[in-house]
Amino acid sequence: MADQDVWELVAQAFSTGNINLTLVETLIVPIPKVDHPQHLKDFCPISLYNVLFKTISKVLVHRIRPYLDEFIGPLQSSFILGRGTSDNALIAQEIIHCMHKKKSKAGHIIFKIDFKKAYDKINWDFL
């Protein structure tokens with residue numbers, strides 16, 4: 001792809017908000033997690049994106065990052081610079097502590113959700 005073609009695609013993406021569909025084609029490749037994989041769970045799928053699409057995405061992220069606090073509430077803690085999932089662990093610990101201290105007759109319910117599969121698919125280099 002010639003330099004001029006690249007600039008035209010990028011300019012089109014930013015001016016129209018639409019990205020050429022050939023840029024978003026993805027190849028999903030299974031990467032073994034263990035030496036001798038036997039089952040699907042022994043693989044981690046990785047997505048191979050077009051370099052130009054990754055570049056455009058990264059530019060967009062850097063452009064919108066200063067405005068994220070206006071759109072994402074203070075209770076959202078993951079994937080926001082300066083916030084972390086450990087914040088939620090501390091909050092959960094405080095809630096459990098308060099529940100134990102209360103002497104009410106009402107029952108309490110706590111849910112634990114396993115995010116293992118979701119976090120297996122995160123592009124950590126991008127974050």
# chains A, B, ... in the order shown; residues from 1 in each chain; ligands from 1
call {"tool": "select_by_dssp", "arguments": {"residues": "chain A", "states": "alpha helix (DSSP H)", "output": "MDAnalysis selection string"}}
result
chainID A and resid 3:16 51:64 68:71 85:101 116:120
call {"tool": "write_last_selection", "arguments": {"atoms": "C-alpha atoms", "output": "JSON list (two decimals), in the first residue's frame"}}
result
[["chain", "number", "residue", "atom", "x", "y", "z"],
["A", 3, "ASP", "CA", 1.90, 6.20, 1.51],
["A", 4, "GLN", "CA", -0.76, 8.29, -0.21],
["A", 5, "ASP", "CA", -3.27, 5.42, 0.04],
["A", 6, "VAL", "CA", -2.58, 5.09, 3.76],
["A", 7, "TRP", "CA", -3.11, 8.80, 4.38],
["A", 8, "GLU", "CA", -6.36, 8.73, 2.40],
["A", 9, "LEU", "CA", -7.66, 5.77, 4.43],
["A", 10, "VAL", "CA", -6.74, 7.47, 7.71],
["A", 11, "ALA", "CA", -8.26, 10.80, 6.61],
["A", 12, "GLN", "CA", -11.43, 9.01, 5.50],
["A", 13, "ALA", "CA", -11.67, 7.18, 8.84],
["A", 14, "PHE", "CA", -11.36, 10.40, 10.85],
["A", 15, "SER", "CA", -13.59, 12.55, 8.64],
["A", 16, "THR", "CA", -16.45, 10.08, 8.13],
["A", 51, "VAL", "CA", -1.15, -2.87, 11.42],
["A", 52, "LEU", "CA", -2.88, 0.18, 9.96],
["A", 53, "PHE", "CA", -6.06, -0.60, 11.91],
["A", 54, "LYS", "CA", -4.04, -0.98, 15.12],
["A", 55, "THR", "CA", -2.36, 2.36, 14.44],
["A", 56, "ILE", "CA", -5.67, 4.15, 13.83],
["A", 57, "SER", "CA", -7.13, 2.56, 16.97],
["A", 58, "LYS", "CA", -4.16, 3.67, 19.05],
["A", 59, "VAL", "CA", -4.42, 7.24, 17.74],
["A", 60, "LEU", "CA", -8.14, 7.29, 18.61],
["A", 61, "VAL", "CA", -7.44, 6.01, 22.12],
["A", 62, "HIS", "CA", -4.87, 8.74, 22.71],
["A", 63, "ARG", "CA", -7.26, 11.37, 21.38],
["A", 64, "ILE", "CA", -10.22, 10.36, 23.57],
["A", 68, "LEU", "CA", -12.86, 9.54, 29.39],
["A", 69, "ASP", "CA", -13.63, 10.90, 32.87],
["A", 70, "GLU", "CA", -16.58, 12.81, 31.38],
["A", 71, "PHE", "CA", -18.14, 9.60, 30.02],
["A", 85, "THR", "CA", -9.29, -3.97, 39.79],
["A", 86, "SER", "CA", -7.53, -4.05, 43.16],
["A", 87, "ASP", "CA", -9.72, -1.06, 44.09],
["A", 88, "ASN", "CA", -12.77, -3.31, 43.73],
["A", 89, "ALA", "CA", -11.16, -6.01, 45.88],
["A", 90, "LEU", "CA", -10.68, -3.48, 48.68],
["A", 91, "ILE", "CA", -14.26, -2.27, 48.35],
["A", 92, "ALA", "CA", -15.55, -5.86, 48.48],
["A", 93, "GLN", "CA", -13.47, -6.51, 51.59],
["A", 94, "GLU", "CA", -14.93, -3.42, 53.27],
["A", 95, "ILE", "CA", -18.48, -4.48, 52.36],
["A", 96, "ILE", "CA", -17.95, -7.96, 53.80],
["A", 97, "HIS", "CA", -16.45, -6.46, 56.95],
["A", 98, "CYS", "CA", -19.48, -4.16, 57.39],
["A", 99, "MET", "CA", -21.88, -7.07, 56.78],
["A", 100, "HIS", "CA", -20.19, -9.10, 59.53],
["A", 101, "LYS", "CA", -20.40, -6.18, 61.95],
["A", 116, "LYS", "CA", -10.87, -15.79, 33.56],
["A", 117, "LYS", "CA", -12.13, -16.23, 30.01],
["A", 118, "ALA", "CA", -12.68, -12.51, 29.53],
["A", 119, "TYR", "CA", -9.18, -11.65, 30.69],
["A", 120, "ASP", "CA", -7.65, -14.35, 28.46]]
call {"tool": "residues_around", "arguments": {"residues": "A:Phe43", "least_positions_apart": "6", "cutoff": "9 Å", "atoms": "only C-alpha atoms", "output": "ChimeraX atom specification"}}
result
/A:30-34,37
call {"tool": "select_by_dssp", "arguments": {"residues": "chain A", "states": "strand (DSSP E or B)", "output": "PyMOL selection string"}}
result
chain A and resi 27-32+43-48
call {"tool": "write_last_selection", "arguments": {"atoms": "C-alpha atoms", "output": "CSV table (one decimal), in the first residue's frame"}}
result
chain,number,residue,atom,x,y,z
A,27,LEU,CA,-7.0,-13.6,11.9
A,28,ILE,CA,-7.6,-15.6,15.1
A,29,VAL,CA,-4.7,-17.9,15.9
A,30,PRO,CA,-4.7,-20.5,18.7
A,31,ILE,CA,-1.6,-20.3,20.8
A,32,PRO,CA,-0.8,-23.3,23.1
A,43,PHE,CA,-5.1,-22.8,23.9
A,44,CYS,CA,-5.3,-19.1,24.1
A,45,PRO,CA,-6.8,-17.4,21.0
A,46,ILE,CA,-4.9,-14.3,19.8
A,47,SER,CA,-6.3,-11.9,17.2
A,48,LEU,CA,-3.9,-10.7,14.5
call {"tool": "atom_distance", "arguments": {"atom1": "atom CA of A:Ala2", "atom2": "atom CA of A:Ile19"}}
result
17.5 Å
